[in-house]
$ cat entry_35.cif   # mmCIF, C-alpha atoms
data_final
loop_
_atom_site.group_PDB
_atom_site.id
_atom_site.type_symbol
_atom_site.label_atom_id
_atom_site.label_comp_id
_atom_site.auth_asym_id
_atom_site.auth_seq_id
_atom_site.Cartn_x
_atom_site.Cartn_y
_atom_site.Cartn_z
ATOM 1 C CA MET A 711 111.383 65.791 98.101
ATOM 2 C CA LYS A 712 108.906 67.856 100.088
ATOM 3 C CA ILE A 713 109.965 71.286 101.327
ATOM 4 C CA GLY A 714 108.927 72.367 104.799
ATOM 5 C CA MET A 715 106.818 75.517 104.964
ATOM 6 C CA ALA A 716 109.346 77.304 107.210
ATOM 7 C CA GLU A 717 111.931 76.855 104.449
ATOM 8 C CA ILE A 718 109.760 78.520 101.806
ATOM 9 C CA ALA A 719 109.397 81.900 103.483
ATOM 10 C CA PRO A 720 109.725 83.509 106.902
ATOM 11 C CA TRP A 721 106.348 85.288 106.814
ATOM 12 C CA LEU A 722 104.197 82.174 107.210
ATOM 13 C CA THR A 723 100.991 82.840 109.068
ATOM 14 C CA PRO A 724 97.674 81.068 109.505
ATOM 15 C CA ALA A 725 94.899 81.646 106.990
ATOM 16 C CA LEU A 726 93.326 85.103 107.210
ATOM 17 C CA PRO A 727 89.748 86.266 106.702
ATOM 18 C CA THR A 728 88.888 86.713 103.015
ATOM 19 C CA GLY A 729 88.707 90.525 103.145
ATOM 20 C CA HIS A 730 92.376 90.818 104.084
ATOM 21 C CA GLU A 731 93.892 88.041 102.017
ATOM 22 C CA HIS A 732 94.872 89.939 98.876
ATOM 23 C CA ALA A 733 96.638 92.740 100.745
ATOM 24 C CA HIS A 734 98.314 90.292 103.131
ATOM 25 C CA TRP A 735 99.713 88.069 100.387
ATOM 26 C CA MET A 736 100.697 91.034 98.222
ATOM 27 C CA ARG A 737 102.741 92.309 101.166
ATOM 28 C CA ALA A 738 104.394 88.883 101.297
ATOM 29 C CA ALA A 739 105.136 89.193 97.561
ATOM 30 C CA SER A 740 106.568 92.664 98.240
ATOM 31 C CA ASP A 741 108.840 91.138 100.866
ATOM 32 C CA GLU A 742 110.074 88.727 98.193
ATOM 33 C CA ALA A 743 110.626 91.666 95.826
ATOM 34 C CA ARG A 744 112.774 93.342 98.486
ATOM 35 C CA ARG A 745 114.842 90.157 98.729
ATOM 36 C CA GLY A 746 115.421 90.484 94.998
ATOM 37 C CA LEU A 747 116.355 94.115 95.408
ATOM 38 C CA ASP A 748 118.883 93.167 98.082
ATOM 39 C CA ALA A 749 120.323 90.614 95.627
ATOM 40 C CA GLY A 750 120.720 93.283 92.923
ATOM 41 C CA GLU A 751 117.794 92.057 90.841
ATOM 42 C CA VAL A 752 114.785 93.933 89.479
ATOM 43 C CA PRO A 753 112.442 93.916 92.519
ATOM 44 C CA VAL A 754 109.587 91.648 91.517
ATOM 45 C CA GLY A 755 108.272 89.153 94.051
ATOM 46 C CA ALA A 756 105.697 86.389 93.937
ATOM 47 C CA VAL A 757 103.898 84.070 96.345
ATOM 48 C CA VAL A 758 101.710 81.058 95.524
ATOM 49 C CA VAL A 759 98.874 80.412 97.966
ATOM 50 C CA ARG A 760 96.465 77.487 98.111
ATOM 51 C CA ASP A 761 93.819 76.845 100.736
ATOM 52 C CA GLY A 762 94.897 79.978 102.604
ATOM 53 C CA ARG A 763 98.492 78.792 102.969
ATOM 54 C CA PRO A 764 101.665 79.729 101.074
ATOM 55 C CA ILE A 765 103.114 76.867 99.057
ATOM 56 C CA GLY A 766 105.797 78.714 97.084
ATOM 57 C CA ALA A 767 107.585 82.028 96.884
ATOM 58 C CA GLY A 768 110.266 83.663 94.804
ATOM 59 C CA PHE A 769 111.845 86.818 93.520
ATOM 60 C CA ASN A 770 113.356 87.820 90.191
ATOM 61 C CA GLN A 771 116.780 86.260 89.755
ATOM 62 C CA PRO A 772 117.760 86.041 86.085
ATOM 63 C CA ILE A 773 120.937 88.091 86.614
ATOM 64 C CA ARG A 774 122.423 86.077 89.458
ATOM 65 C CA SER A 775 121.269 82.723 88.079
ATOM 66 C CA GLY A 776 122.152 83.438 84.459
ATOM 67 C CA ASP A 777 118.677 82.098 83.632
ATOM 68 C CA PRO A 778 116.393 84.286 81.501
ATOM 69 C CA THR A 779 113.363 82.318 82.743
ATOM 70 C CA ALA A 780 114.057 82.993 86.442
ATOM 71 C CA HIS A 781 111.289 85.558 86.815
ATOM 72 C CA ALA A 782 109.659 85.774 90.240
ATOM 73 C CA GLU A 783 106.518 84.038 89.017
ATOM 74 C CA ILE A 784 108.426 81.085 87.559
ATOM 75 C CA VAL A 785 110.604 80.724 90.673
ATOM 76 C CA ALA A 786 107.487 80.749 92.897
ATOM 77 C CA LEU A 787 105.608 78.276 90.679
ATOM 78 C CA ARG A 788 108.593 75.899 90.690
ATOM 79 C CA ALA A 789 108.816 76.093 94.500
ATOM 80 C CA ALA A 790 105.074 75.469 94.824
ATOM 81 C CA ALA A 791 105.176 72.481 92.464
ATOM 82 C CA ARG A 792 108.033 70.966 94.476
ATOM 83 C CA ALA A 793 106.207 71.622 97.754
ATOM 84 C CA VAL A 794 103.017 69.852 96.661
ATOM 85 C CA GLY A 795 104.685 67.223 94.490
ATOM 86 C CA ASN A 796 102.746 68.149 91.351
ATOM 87 C CA TYR A 797 103.260 70.649 88.551
ATOM 88 C CA ARG A 798 99.514 71.251 88.430
ATOM 89 C CA LEU A 799 98.630 73.868 91.015
ATOM 90 C CA THR A 800 94.870 73.601 90.726
ATOM 91 C CA GLY A 801 93.068 75.975 93.064
ATOM 92 C CA ALA A 802 96.162 78.096 93.719
ATOM 93 C CA THR A 803 96.460 81.871 93.597
ATOM 94 C CA LEU A 804 99.635 83.579 92.423
ATOM 95 C CA TYR A 805 100.342 86.974 93.976
ATOM 96 C CA VAL A 806 102.946 89.037 92.117
ATOM 97 C CA THR A 807 104.009 92.636 92.579
ATOM 98 C CA VAL A 808 104.099 93.469 88.853
ATOM 99 C CA GLU A 809 101.865 92.385 85.971
ATOM 100 C CA PRO A 810 103.330 89.204 84.438
ATOM 101 C CA CYS A 811 105.000 88.968 81.024
ATOM 102 C CA LEU A 812 103.958 86.613 78.227
ATOM 103 C CA MET A 813 106.242 83.793 79.415
ATOM 104 C CA CYS A 814 104.853 83.954 82.935
ATOM 105 C CA THR A 815 101.222 84.049 81.786
ATOM 106 C CA GLY A 816 101.912 80.868 79.806
ATOM 107 C CA ALA A 817 103.289 79.237 82.944
ATOM 108 C CA LEU A 818 100.107 80.170 84.841
ATOM 109 C CA VAL A 819 98.031 78.364 82.237
ATOM 110 C CA HIS A 820 100.256 75.267 82.198
ATOM 111 C CA ALA A 821 100.261 75.102 86.008
ATOM 112 C CA ARG A 822 96.458 75.518 86.053
ATOM 113 C CA VAL A 823 96.649 78.377 88.549
ATOM 114 C CA ALA A 824 93.116 79.488 89.418
ATOM 115 C CA THR A 825 93.715 83.173 90.174
ATOM 116 C CA LEU A 826 96.343 85.779 89.404
ATOM 117 C CA VAL A 827 96.581 88.803 91.701
ATOM 118 C CA TYR A 828 99.072 91.480 90.677
ATOM 119 C CA GLY A 829 100.064 94.852 92.028
ATOM 120 C CA ALA A 830 101.367 97.330 89.472
ATOM 121 C CA PRO A 831 100.724 97.246 85.719
ATOM 122 C CA GLU A 832 103.797 96.740 83.498
ATOM 123 C CA PRO A 833 103.407 99.136 80.561
ATOM 124 C CA ARG A 834 106.271 97.674 78.510
ATOM 125 C CA SER A 835 105.797 93.923 78.797
ATOM 126 C CA GLY A 836 102.627 93.279 80.802
ATOM 127 C CA ALA A 837 100.787 90.454 79.088
ATOM 128 C CA VAL A 838 97.655 90.446 81.249
ATOM 129 C CA ARG A 839 96.178 93.888 80.545
ATOM 130 C CA SER A 840 98.838 96.491 79.645
ATOM 131 C CA VAL A 841 100.392 95.354 76.352
ATOM 132 C CA MET A 842 98.235 92.346 75.534
ATOM 133 C CA ARG A 843 95.577 90.152 77.067
ATOM 134 C CA ALA A 844 97.266 86.778 76.753
ATOM 135 C CA LEU A 845 95.081 85.049 79.350
ATOM 136 C CA ASP A 846 91.961 85.989 77.376
ATOM 137 C CA HIS A 847 93.007 84.131 74.219
ATOM 138 C CA PRO A 848 90.101 81.913 73.103
ATOM 139 C CA ALA A 849 92.347 78.964 72.208
ATOM 140 C CA LEU A 850 93.583 78.476 75.774
ATOM 141 C CA ASN A 851 92.319 75.360 77.531
ATOM 142 C CA HIS A 852 92.407 76.975 80.984
ATOM 143 C CA ARG A 853 91.078 80.260 82.326
ATOM 144 C CA VAL A 854 92.738 82.289 85.065
ATOM 145 C CA ASP A 855 90.746 84.746 87.162
ATOM 146 C CA ILE A 856 92.532 88.100 87.316
ATOM 147 C CA VAL A 857 92.666 90.742 90.039
ATOM 148 C CA GLY A 858 94.890 93.735 89.320
ATOM 149 C CA GLY A 859 95.926 96.806 91.260
ATOM 150 C CA VAL A 860 96.318 95.287 94.738
ATOM 151 C CA LEU A 861 98.677 97.586 96.664
ATOM 152 C CA GLU A 862 99.467 99.100 93.270
ATOM 153 C CA ALA A 863 101.114 102.280 94.565
ATOM 154 C CA GLU A 864 103.452 100.370 96.900
ATOM 155 C CA CYS A 865 104.418 97.889 94.179
ATOM 156 C CA ARG A 866 104.943 100.638 91.599
ATOM 157 C CA GLU A 867 107.070 102.695 93.963
ATOM 158 C CA LEU A 868 109.379 99.757 94.655
ATOM 159 C CA MET A 869 110.032 99.369 90.907
ATOM 160 C CA GLN A 870 110.367 103.101 90.266
ATOM 161 C CA ALA A 871 112.795 103.576 93.153
ATOM 162 C CA PHE A 872 114.922 100.717 91.835
ATOM 163 C CA PHE A 873 115.140 102.192 88.346
ATOM 164 C CA ARG A 874 115.746 105.727 89.667
ATOM 165 C CA GLN A 875 118.665 104.368 91.682
ATOM 166 C CA ARG A 876 120.037 102.452 88.689
ATOM 167 C CA ARG A 877 119.793 105.488 86.419
ATOM 168 C CA SER A 878 121.538 107.701 88.947
ATOM 169 C CA ALA A 879 124.275 105.068 89.395
ATOM 170 C CA GLY A 880 124.727 104.819 85.607
ATOM 171 C CA SER A 881 124.164 101.047 85.381
ATOM 172 C CA SER A 882 123.786 99.483 81.969
ATOM 173 C CA ARG A 883 120.327 98.705 80.656
ATOM 174 C CA GLU A 884 121.223 95.074 80.011
ATOM 175 C CA GLU A 885 121.727 94.378 83.702
ATOM 176 C CA VAL A 886 118.224 95.498 84.628
ATOM 177 C CA ALA A 887 116.233 94.339 81.602
ATOM 178 C CA GLY A 888 113.364 91.934 82.113
ATOM 179 C CA ALA A 889 111.287 93.071 85.055
ATOM 180 C CA GLY A 890 109.127 89.968 85.152
#

$ encode --input "entry_35.cif" --output "structure tokens"
Amino acid sequence: MKIGMAEIAPWLTPALPTGHEHAHWMRAASDEARRGLDAGEVPVGAVVVRDGRPIGAGFNQPIRSGDPTAHAEIVALRAAARAVGNYRLTGATLYVTVEPCLMCTGALVHARVATLVYGAPEPRSGAVRSVMRALDHPALNHRVDIVGGVLEAECRELMQAFFRQRRSAGSSREEVAGAG
């Protein structure tokens, strides 16, 4: 079943000039993160773009779905695969507000995503640059181009504000574990 583009996300726009693409799509990923925040999830958002058009989007939802794999990246990759009718997303770029974890980097390789663009580093579980460099492993049969730090301050502030609010509200650590 093909999903119409209007059903994937409300921020659909025509392709933009190259110089503005990363910031534009990271803002779209930030919008997804805010949807997660509104749902009570850790605010991580992701958008998959191919040929200048969004083909999938998602936000963190492991708490509400009861699914530990429902990170924003995985949700967006699943939506993109459904939209194009193929689990291989050759030529696609994944935009995500926070550096992906090890599970999500593995999914990028399996999906054959061409480029990863992330906002803020994740010092506890970031598997692209912060904690490890999973995508650089020589045994991998696919390489992903990496661009980090796009709208980093905005993406970092969204996460920090969420955790400040949770700490001040006294929420348990279990409910907010697993940022992405």

$ closest_residue --input "entry_35.cif" --among "A:Pro848, A:Gly762, A:Pro810, A:Pro778" --to "His732 (chain A)" --atoms "only C-alpha atoms"
A:Gly762

$ atom_distance --input "entry_35.cif" --atom1 "CA of Ala782 (chain A)" --atom2 "CA of Ala849 (chain A)"
25.9 Å

$ resolve_selection --input "entry_35.cif" --expression "the PyMOL selection byres ((chain A and resi 851) around 12)" --output "PyMOL selection string"
chain A and resi 816+818-822+845-850+852-854

$ write_last_selection --input "entry_35.cif" --atoms "C-alpha atoms" --output "PDB file, keeping the file's coordinate frame"
ATOM      1  CA  GLY A 816     101.912  80.868  79.806  1.00  0.00           C
ATOM      2  CA  LEU A 818     100.107  80.170  84.841  1.00  0.00           C
ATOM      3  CA  VAL A 819      98.031  78.364  82.237  1.00  0.00           C
ATOM      4  CA  HIS A 820     100.256  75.267  82.198  1.00  0.00           C
ATOM      5  CA  ALA A 821     100.261  75.102  86.008  1.00  0.00           C
ATOM      6  CA  ARG A 822      96.458  75.518  86.053  1.00  0.00           C
ATOM      7  CA  LEU A 845      95.081  85.049  79.350  1.00  0.00           C
ATOM      8  CA  ASP A 846      91.961  85.989  77.376  1.00  0.00           C
ATOM      9  CA  HIS A 847      93.007  84.131  74.219  1.00  0.00           C
ATOM     10  CA  PRO A 848      90.101  81.913  73.103  1.00  0.00           C
ATOM     11  CA  ALA A 849      92.347  78.964  72.208  1.00  0.00           C
ATOM     12  CA  LEU A 850      93.583  78.476  75.774  1.00  0.00           C
ATOM     13  CA  HIS A 852      92.407  76.975  80.984  1.00  0.00           C
ATOM     14  CA  ARG A 853      91.078  80.260  82.326  1.00  0.00           C
ATOM     15  CA  VAL A 854      92.738  82.289  85.065  1.00  0.00           C
TER      16      VAL A 854
END

$ resolve_selection --input "entry_35.cif" --expression "the PyMOL selection byres ((chain A and resi 862) around 9)" --output "list in words"
Thr807, Val808, Tyr828, Gly829, Ala830, Pro831, Gly858, Gly859, Val860, Leu861, Ala863, Glu864, Cys865, Arg866 and Glu867 of chain A

$ resolve_selection --input "entry_35.cif" --expression "the PyMOL selection byres ((chain A and resi 787-791) around 9)" --output "list in words"
Ile713, Ile718, Ala756, Val757, Val758, Val759, Pro764, Ile765, Gly766, Ala767, Gly768, Ala782, Glu783, Ile784, Val785, Ala786, Arg792, Ala793, Val794, Gly795, Asn796, Tyr797, Arg798, Leu799, Leu804, Ala817, Leu818 and Ala821 of chain A

$ closest_residue --input "entry_35.cif" --among "A:Thr815, A:Thr800, A:Thr779, A:Ser878" --to "Arg839 (chain A)" --atoms "all atoms listed in the file"
A:Thr815

$ closest_residue --input "entry_35.cif" --among "A:Val823, A:Ala780, A:Ala844, A:Leu747" --to "Cys811 (chain A)" --atoms "all atoms listed in the file"
A:Ala844

$ atom_distance --input "entry_35.cif" --atom1 "CA of Ala743 (chain A)" --atom2 "CA of Tyr805 (chain A)"
11.5 Å

$ closest_residue --input "entry_35.cif" --among "A:Val841, A:Val752, A:Val857, A:Leu868" --to "Thr803 (chain A)" --atoms "all atoms listed in the file"
A:Val857

$ atom_distance --input "entry_35.cif" --atom1 "CA of Asp855 (chain A)" --atom2 "CA of Gly755 (chain A)"
19.3 Å

$ axis_aligned_box --input "entry_35.cif" --around "region 783-795 of chain A" --padding-each-side "8 Å" --output "AutoDock Vina command-line options"
--center_x 106.8 --center_y 75.6 --center_z 92.7 --size_x 23.6 --size_y 32.8 --size_z 26.2

$ closest_residue --input "entry_35.cif" --among "A:Arg774, A:Arg760, A:Val754, A:Gly801" --to "Glu832 (chain A)" --atoms "all atoms listed in the file"
A:Val754

$ closest_residue --input "entry_35.cif" --among "A:Met736, A:Ala837, A:Ala824, A:Ile856" --to "Leu812 (chain A)" --atoms "all atoms listed in the file"
A:Ala837
